[in-house]
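What follows is a short report on a single structure.
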Amino acid sequence: MAAARFLSIFSCCKIVKGITRGVIVDVQREAIYRVPLDLIDFMERLKTKPIKMVLDEMSGADKETATDYVNYLLENELAFYVDNPQPFKEISTEWDYPSYITNCILDFNEDHLHLYGGVAKSLDLLLCYHMDVRCFGQVSLAGLTRLLLFFEGTTVQNISIKLSAKCFSEVAQLEGWVTHFGRVRLVEVFDAEANHKERKGISFRVDALHTHSCGKIGIHLMTPNIQHYNEALHHNSCLNRKIGIDSNGNIKNCPAMRESYGNIHNGKLEQAIEKPGFKKYWNLNKDRIKGCKDCEFRYVCTDCRAYVEQPQDRLSKPLKCGYDPIEGKWSAWSTNPLKQKAIHYYGMG
Ligand code: SF4
Ligand code: SF4
C-alpha cells in the first residue's frame with residue numbers, strides 16, 4: 001500500500017502572520033511571498049495530516065481554493081511532498097554574533113581625522129565588523145585615505161561610504177582609488193548626474209544625501225535573510241549592537257538620535273557602551289512596537305527608533321513607513337496627514 005503523503009514546508013521558509021495578511025519568508029533564497037491568512041491556517045492543518053485527508057475533508061469552493069494553495073506552494077518551491085514529515089528539523093531561531101558591537105555609523109568630519117585612529121582602535125577592541133561612513137560636508141580622497149589607513153589590520157572588514165558629488169570634487173579619481181582598499185564594499189555618490197555609468201564598487205545616485213536620509217521603510221528595503229530574521233525575532237533590527245558617531249564626535253546609538261553617551265574628543269567607545277541606557281534599545285523587537293506588532297513584515301523590516309510617528313512615545317511606529325498592516329496597503333508616508341506633526345518636529349519639512 002502506498003504511504004500517505006504529506007505536504008511539508010521547507011525549513012528555510014518562515015511563516016509570519018500579520019493582522020490581515022501573512023508572509024512566507026524564504027530565508028535561503030531571500031524572498032518574501034505575501035499570502036492570505038487562510039493559506040497559513042491551511043498549512044497548519046498540513047503539519048499533522050496527509051494532504052489527501054485534508055483535501056477530502058473539504059468540498060466545493062473551499063476545496064478548489066485549497067488545491068490552488070497546494071499548487072502555489074509547489075510552484076514556488078515553498079513546500080514538497082514527503083512520506084514522513086517528522087525527520088525535518090526546524091532551523092534554529094537563535095541569534096548571536098562574536099562581537100560586542102557589530103556595526104558602526106560614522107558621520108565623517110575631516111576636522112576630526114586626528115581622532116579617528118582612536119575610534120579605529122576602539123572598534124577593533126569591540127570586534128566591530130561593519131562600518132558606514134557618511135560624509136555630509138566637504139570631503140577629499142586624501143581625508144578618506146587617512147581614515148581607511150587607520151582601519152588596516154582591524155576587525156572592521158566591511159566599509160561602505162556615502163558622499164555627495166556637491167561636496168567632493170574628485171569623482172573621476174574614485175574608480176582607481178577604491179581598488180586600493182579591499183575593505184571598501186561600496187561607495188555611493190549622491191547628487192550625481194544621471195548619465196554616470198555604474199562602476200565596480202561605486203554607485204551613482206541622483207537623489208540628495210542629507211542627515212535625514214536614513215530610516216526609510218519599503219518592500220524593496222526588507223532584509224529576508226536568516227541573520228536578520230533571527231536577530232529581529234529577539235532584538236531591535238536596527239540598533240542592536242550598533243554604535244554611532246555624529247559629525248560633532250558625539251557617541252550615540254545612531255548619529256540621528258538625540259541622546260549622547262560621550263564624545264570621541266575625550267571618551268572611548270568601549271566606555272560609552274557601558275553607560276546606563278546605551279543598550280536600552282537592543283532588545284526592543286517589533287513585537288513591542290505599536291502597529292508593527294500586527295504587521296507580517298516585522299521580522300524582515302528595519303526598526304528606526306530615531307524618527308518615529310509619535311516622538312514622545314518610545315514604542316511608536318517608524319515615521320518613514322507607509323504600510324498599514326490592517327488595510328494591507330502601502331501609501332506615501334511623507335504626505336500622510338497624521339505624520340505631518342512628526343515630520344515638522346524632526347525638521348524634515
Ligand atoms: S535608528 Fe533610524 S536613523 Fe538611526 S540608523 Fe537606524 S534607521 Fe537609521
Ligand atoms: S508597520 Fe512596522 S513592521 Fe510593518 S512595514 Fe511598517 S515599519 Fe515595518
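Simple scheme: letters A, B, ... for chains in C-alpha cells order, numbers from 1 for residues in each chain, numbers from 1 for ligands in the order shown.
A distance search around ligand 2 (6 Å at most, only C-alpha atoms and all ligand atoms) returns the following protein and nucleic acid residues: A:Gly291, A:Cys292, A:Cys295, A:Phe297, A:Arg298, A:Cys301, A:Pro318, A:Cys321, A:Tyr323, A:Pro325.
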Q: List every residue of region 102-210 of chain A that DSSP, applied to the backbone of this structure, places in helix (DSSP H, G or I), and write the result as a PyMOL selection string.
A: chain A and resi 110-125+141-150+165-167+171-178
How would the residues just chosen look if you wrote them out with N, CA and C atoms as an mmCIF file, in the first residue's frame?
```
data_model
loop_
_atom_site.group_PDB
_atom_site.id
_atom_site.type_symbol
_atom_site.label_atom_id
_atom_site.label_comp_id
_atom_site.auth_asym_id
_atom_site.auth_seq_id
_atom_site.Cartn_x
_atom_site.Cartn_y
_atom_site.Cartn_z
ATOM 1 N N GLU A 110 36.256 65.919 8.444
ATOM 2 C CA GLU A 110 37.721 65.965 8.225
ATOM 3 C C GLU A 110 38.456 66.644 9.371
ATOM 4 N N ASP A 111 37.774 67.530 10.087
ATOM 5 C CA ASP A 111 38.425 68.198 11.232
ATOM 6 C C ASP A 111 38.714 67.215 12.370
ATOM 7 N N HIS A 112 38.068 66.039 12.344
ATOM 8 C CA HIS A 112 38.256 65.052 13.420
ATOM 9 C C HIS A 112 39.206 63.925 13.026
ATOM 10 N N LEU A 113 39.913 64.110 11.905
ATOM 11 C CA LEU A 113 40.755 62.994 11.429
ATOM 12 C C LEU A 113 41.743 62.518 12.493
ATOM 13 N N HIS A 114 42.261 63.475 13.291
ATOM 14 C CA HIS A 114 43.245 63.101 14.313
ATOM 15 C C HIS A 114 42.628 62.206 15.404
ATOM 16 N N LEU A 115 41.284 62.176 15.460
ATOM 17 C CA LEU A 115 40.622 61.359 16.499
ATOM 18 C C LEU A 115 40.219 59.977 15.988
ATOM 19 N N TYR A 116 40.223 59.791 14.658
ATOM 20 C CA TYR A 116 39.680 58.553 14.106
ATOM 21 C C TYR A 116 40.609 57.339 14.302
ATOM 22 N N GLY A 117 41.885 57.595 14.591
ATOM 23 C CA GLY A 117 42.791 56.480 14.929
ATOM 24 C C GLY A 117 42.307 55.808 16.211
ATOM 25 N N GLY A 118 41.904 56.642 17.195
ATOM 26 C CA GLY A 118 41.377 56.110 18.466
ATOM 27 C C GLY A 118 40.066 55.369 18.252
ATOM 28 N N VAL A 119 39.225 55.894 17.338
ATOM 29 C CA VAL A 119 37.954 55.232 17.029
ATOM 30 C C VAL A 119 38.229 53.851 16.428
ATOM 31 N N ALA A 120 39.209 53.800 15.522
ATOM 32 C CA ALA A 120 39.546 52.509 14.879
ATOM 33 C C ALA A 120 40.009 51.495 15.929
ATOM 34 N N LYS A 121 40.836 51.971 16.890
ATOM 35 C CA LYS A 121 41.324 51.050 17.949
ATOM 36 C C LYS A 121 40.155 50.545 18.781
ATOM 37 N N SER A 122 39.239 51.439 19.111
ATOM 38 C CA SER A 122 38.081 51.034 19.929
ATOM 39 C C SER A 122 37.206 50.040 19.182
ATOM 40 N N LEU A 123 36.937 50.323 17.903
ATOM 41 C CA LEU A 123 36.070 49.408 17.140
ATOM 42 C C LEU A 123 36.733 48.038 16.993
ATOM 43 N N ASP A 124 38.049 48.031 16.911
ATOM 44 C CA ASP A 124 38.784 46.759 16.827
ATOM 45 C C ASP A 124 38.629 45.980 18.141
ATOM 46 N N LEU A 125 38.723 46.718 19.243
ATOM 47 C CA LEU A 125 38.565 46.111 20.567
ATOM 48 C C LEU A 125 37.155 45.539 20.742
ATOM 49 N N LEU A 141 39.719 62.851 -1.149
ATOM 50 C CA LEU A 141 40.264 61.485 -1.181
ATOM 51 C C LEU A 141 41.402 61.339 -0.174
ATOM 52 N N ALA A 142 42.172 62.425 0.016
ATOM 53 C CA ALA A 142 43.271 62.354 0.994
ATOM 54 C C ALA A 142 42.703 62.076 2.391
ATOM 55 N N GLY A 143 41.598 62.755 2.725
ATOM 56 C CA GLY A 143 40.969 62.555 4.040
ATOM 57 C C GLY A 143 40.444 61.141 4.186
ATOM 58 N N LEU A 144 39.762 60.652 3.151
ATOM 59 C CA LEU A 144 39.225 59.286 3.228
ATOM 60 C C LEU A 144 40.352 58.261 3.307
ATOM 61 N N THR A 145 41.448 58.541 2.586
ATOM 62 C CA THR A 145 42.587 57.616 2.626
ATOM 63 C C THR A 145 43.138 57.531 4.051
ATOM 64 N N ARG A 146 43.299 58.695 4.682
ATOM 65 C CA ARG A 146 43.806 58.680 6.072
ATOM 66 C C ARG A 146 42.882 57.892 6.981
ATOM 67 N N LEU A 147 41.596 58.098 6.788
ATOM 68 C CA LEU A 147 40.625 57.373 7.617
ATOM 69 C C LEU A 147 40.794 55.862 7.419
ATOM 70 N N LEU A 148 40.826 55.439 6.167
ATOM 71 C CA LEU A 148 40.858 53.993 5.901
ATOM 72 C C LEU A 148 42.155 53.350 6.383
ATOM 73 N N LEU A 149 43.259 54.112 6.332
ATOM 74 C CA LEU A 149 44.526 53.541 6.800
ATOM 75 C C LEU A 149 44.469 53.204 8.295
ATOM 76 N N PHE A 150 43.681 53.973 9.059
ATOM 77 C CA PHE A 150 43.524 53.652 10.488
ATOM 78 C C PHE A 150 42.898 52.265 10.681
ATOM 79 N N ALA A 165 28.246 64.404 -4.450
ATOM 80 C CA ALA A 165 29.073 64.976 -5.525
ATOM 81 C C ALA A 165 29.210 66.488 -5.340
ATOM 82 N N LYS A 166 28.290 67.097 -4.589
ATOM 83 C CA LYS A 166 28.353 68.548 -4.370
ATOM 84 C C LYS A 166 29.500 68.933 -3.431
ATOM 85 N N CYS A 167 29.936 67.984 -2.599
ATOM 86 C CA CYS A 167 30.968 68.273 -1.597
ATOM 87 C C CYS A 167 32.246 67.474 -1.871
ATOM 88 N N VAL A 171 35.458 62.914 -8.088
ATOM 89 C CA VAL A 171 34.655 61.762 -8.530
ATOM 90 C C VAL A 171 35.414 60.968 -9.603
ATOM 91 N N ALA A 172 36.106 61.668 -10.504
ATOM 92 C CA ALA A 172 36.799 60.988 -11.614
ATOM 93 C C ALA A 172 37.905 60.061 -11.096
ATOM 94 N N GLN A 173 38.473 60.382 -9.922
ATOM 95 C CA GLN A 173 39.575 59.549 -9.393
ATOM 96 C C GLN A 173 39.074 58.385 -8.526
ATOM 97 N N LEU A 174 37.803 58.357 -8.256
ATOM 98 C CA LEU A 174 37.269 57.360 -7.312
ATOM 99 C C LEU A 174 37.535 55.921 -7.746
ATOM 100 N N GLU A 175 37.342 55.665 -9.051
ATOM 101 C CA GLU A 175 37.416 54.285 -9.535
ATOM 102 C C GLU A 175 38.789 53.667 -9.241
ATOM 103 N N GLY A 176 39.860 54.422 -9.541
ATOM 104 C CA GLY A 176 41.211 53.920 -9.274
ATOM 105 C C GLY A 176 41.457 53.804 -7.774
ATOM 106 N N TRP A 177 40.961 54.782 -7.035
ATOM 107 C CA TRP A 177 41.203 54.848 -5.590
ATOM 108 C C TRP A 177 40.596 53.654 -4.865
ATOM 109 N N VAL A 178 39.359 53.323 -5.236
ATOM 110 C CA VAL A 178 38.628 52.303 -4.482
ATOM 111 C C VAL A 178 39.294 50.929 -4.592
#
```
Q: Pick out the residues no farther than 10 Å from ligand 1, counting only C-alpha atoms and all ligand atoms, and list them as JSON, numbers by chain.
A: {"A": [104, 105, 132, 211, 212, 213, 214, 215, 216, 217, 236, 237, 238, 239, 240, 242, 243, 244, 252, 253, 254, 255, 256, 257, 281, 302, 303, 304, 305, 306, 307, 308, 318, 319, 320]}
I need the chosen residues saved as a compact mmCIF listing (two decimals), in the first residue's frame, with C-alpha atoms.
```txt
# COMPACT_ATOMS: atom_id res chain seq x y z
CA CYS A 104 29.07 51.49 13.37
CA ILE A 105 27.82 54.60 11.60
CA ASP A 132 29.04 53.02 7.32
CA THR A 211 21.21 63.82 7.52
CA HIS A 212 17.55 62.72 7.42
CA SER A 213 18.09 60.19 4.60
CA CYS A 214 18.23 57.16 6.87
CA GLY A 215 15.32 55.13 8.25
CA LYS A 216 13.22 54.59 5.13
CA ILE A 217 10.95 51.55 5.15
CA ASN A 236 15.98 45.62 17.60
CA SER A 237 16.53 45.20 13.89
CA CYS A 238 18.48 48.42 13.54
CA LEU A 239 20.07 49.41 16.84
CA ASN A 240 21.11 46.06 18.34
CA LYS A 242 25.14 49.38 16.82
CA ILE A 243 27.17 52.48 17.68
CA GLY A 244 27.03 55.87 16.02
CA LYS A 252 25.25 57.64 20.24
CA ASN A 253 23.10 54.64 19.37
CA CYS A 254 22.93 56.15 15.88
CA PRO A 255 24.01 59.62 14.77
CA ALA A 256 20.40 60.77 14.26
CA MET A 257 19.41 60.12 17.87
CA TYR A 281 17.02 49.65 22.54
CA THR A 302 14.17 47.77 9.88
CA ASP A 303 13.08 49.38 13.11
CA CYS A 304 14.04 53.03 13.00
CA ARG A 305 13.95 54.50 16.52
CA ALA A 306 15.39 57.90 15.55
CA TYR A 307 12.34 59.01 13.52
CA VAL A 308 9.02 57.76 14.88
CA PRO A 318 8.80 54.21 12.49
CA LEU A 319 7.84 57.52 10.87
CA LYS A 320 9.04 56.62 7.38
```
Residues within 12 Å of Glu44 (chain A), please, as a PDB file with C-alpha atoms, in the first residue's frame. Count only C-alpha atoms; anything in the same chain fewer than 3 positions from it doesn't count.
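The resulting part-v3.pdb:
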```
ATOM      1  CA  PHE A   6       2.329  14.906   3.477  1.00  0.00           C
ATOM      2  CA  LEU A   7       2.979  18.369   2.077  1.00  0.00           C
ATOM      3  CA  SER A   8       5.844  19.772   4.118  1.00  0.00           C
ATOM      4  CA  ILE A   9       7.074  23.361   4.074  1.00  0.00           C
ATOM      5  CA  ILE A  15       5.770  31.881   8.213  1.00  0.00           C
ATOM      6  CA  LYS A  17       1.156  36.138  10.488  1.00  0.00           C
ATOM      7  CA  LEU A  37      -4.102  34.159   6.385  1.00  0.00           C
ATOM      8  CA  ASP A  38      -6.302  31.315   5.090  1.00  0.00           C
ATOM      9  CA  LEU A  39      -3.283  29.805   3.368  1.00  0.00           C
ATOM     10  CA  ILE A  40      -1.332  29.880   6.632  1.00  0.00           C
ATOM     11  CA  ASP A  41      -4.186  28.200   8.507  1.00  0.00           C
ATOM     12  CA  LYS A  47       1.545  19.608   9.539  1.00  0.00           C
ATOM     13  CA  THR A  48      -0.297  16.717  11.148  1.00  0.00           C
ATOM     14  CA  LYS A  49      -2.442  15.189   8.393  1.00  0.00           C
ATOM     15  CA  PRO A  50      -1.682  13.734   4.958  1.00  0.00           C
ATOM     16  CA  ILE A  51      -2.591  16.069   2.103  1.00  0.00           C
ATOM     17  CA  VAL A  54      -7.051  17.374   4.445  1.00  0.00           C
TER      18      VAL A  54
END
```
Q: Between A:Lys280, A:Arg241, A:Lys293, A:Lys317, single out the one closest to Pro98 (chain A), counting only C-alpha atoms.
A: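 When distances to Pro98 (chain A) are compared using only C-alpha atoms, the smallest one comes from A:Arg241.
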Q: Would you please give, as a VMD selection string, all residues of region 193-236 of chain A that DSSP assigns to strand (DSSP E or B) based on the backbone?
A: chain A and resid 199 202 to 204
Q: Mind checking which residues fall within 8 Å of Leu315 (chain A), counting only C-alpha atoms, ignoring those fewer than 3 positions away in the same chain, and posting them as a PyMOL selection string?
A: chain A and resi 288-290
Preceding selection exported with C-alpha atoms as a PDB file, in the first residue's frame:
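Output file part27.pdb follows:
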```pdb
ATOM      1  CA  ARG A 288       6.510  45.558  21.143  1.00  0.00           C
ATOM      2  CA  ILE A 289       6.240  48.388  18.612  1.00  0.00           C
ATOM      3  CA  LYS A 290       2.752  49.842  18.095  1.00  0.00           C
TER       4      LYS A 290
END
```
Q: Using only C-alpha atoms, determine which residues lie at most 12 Å from Ile24 (chain A), disregarding the query and same-chain residues fewer than 3 positions distant; provide the list as a ChimeraX atom specification.
A: /A:9-18,21,27-37,39-40,43,72-73,76-79,224,229,296-297,299-300
Q) Please, what distance in Å, to one decimal, runs between CA of Leu284 (chain A) and CA of His344 (chain A)? A) 25.8 Å
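Using only C-alpha atoms, the nearest neighbour of Tyr346 (chain A) within the list A:Asn283, A:Asn71, A:Gln310, A:Asn103 is A:Gln310.
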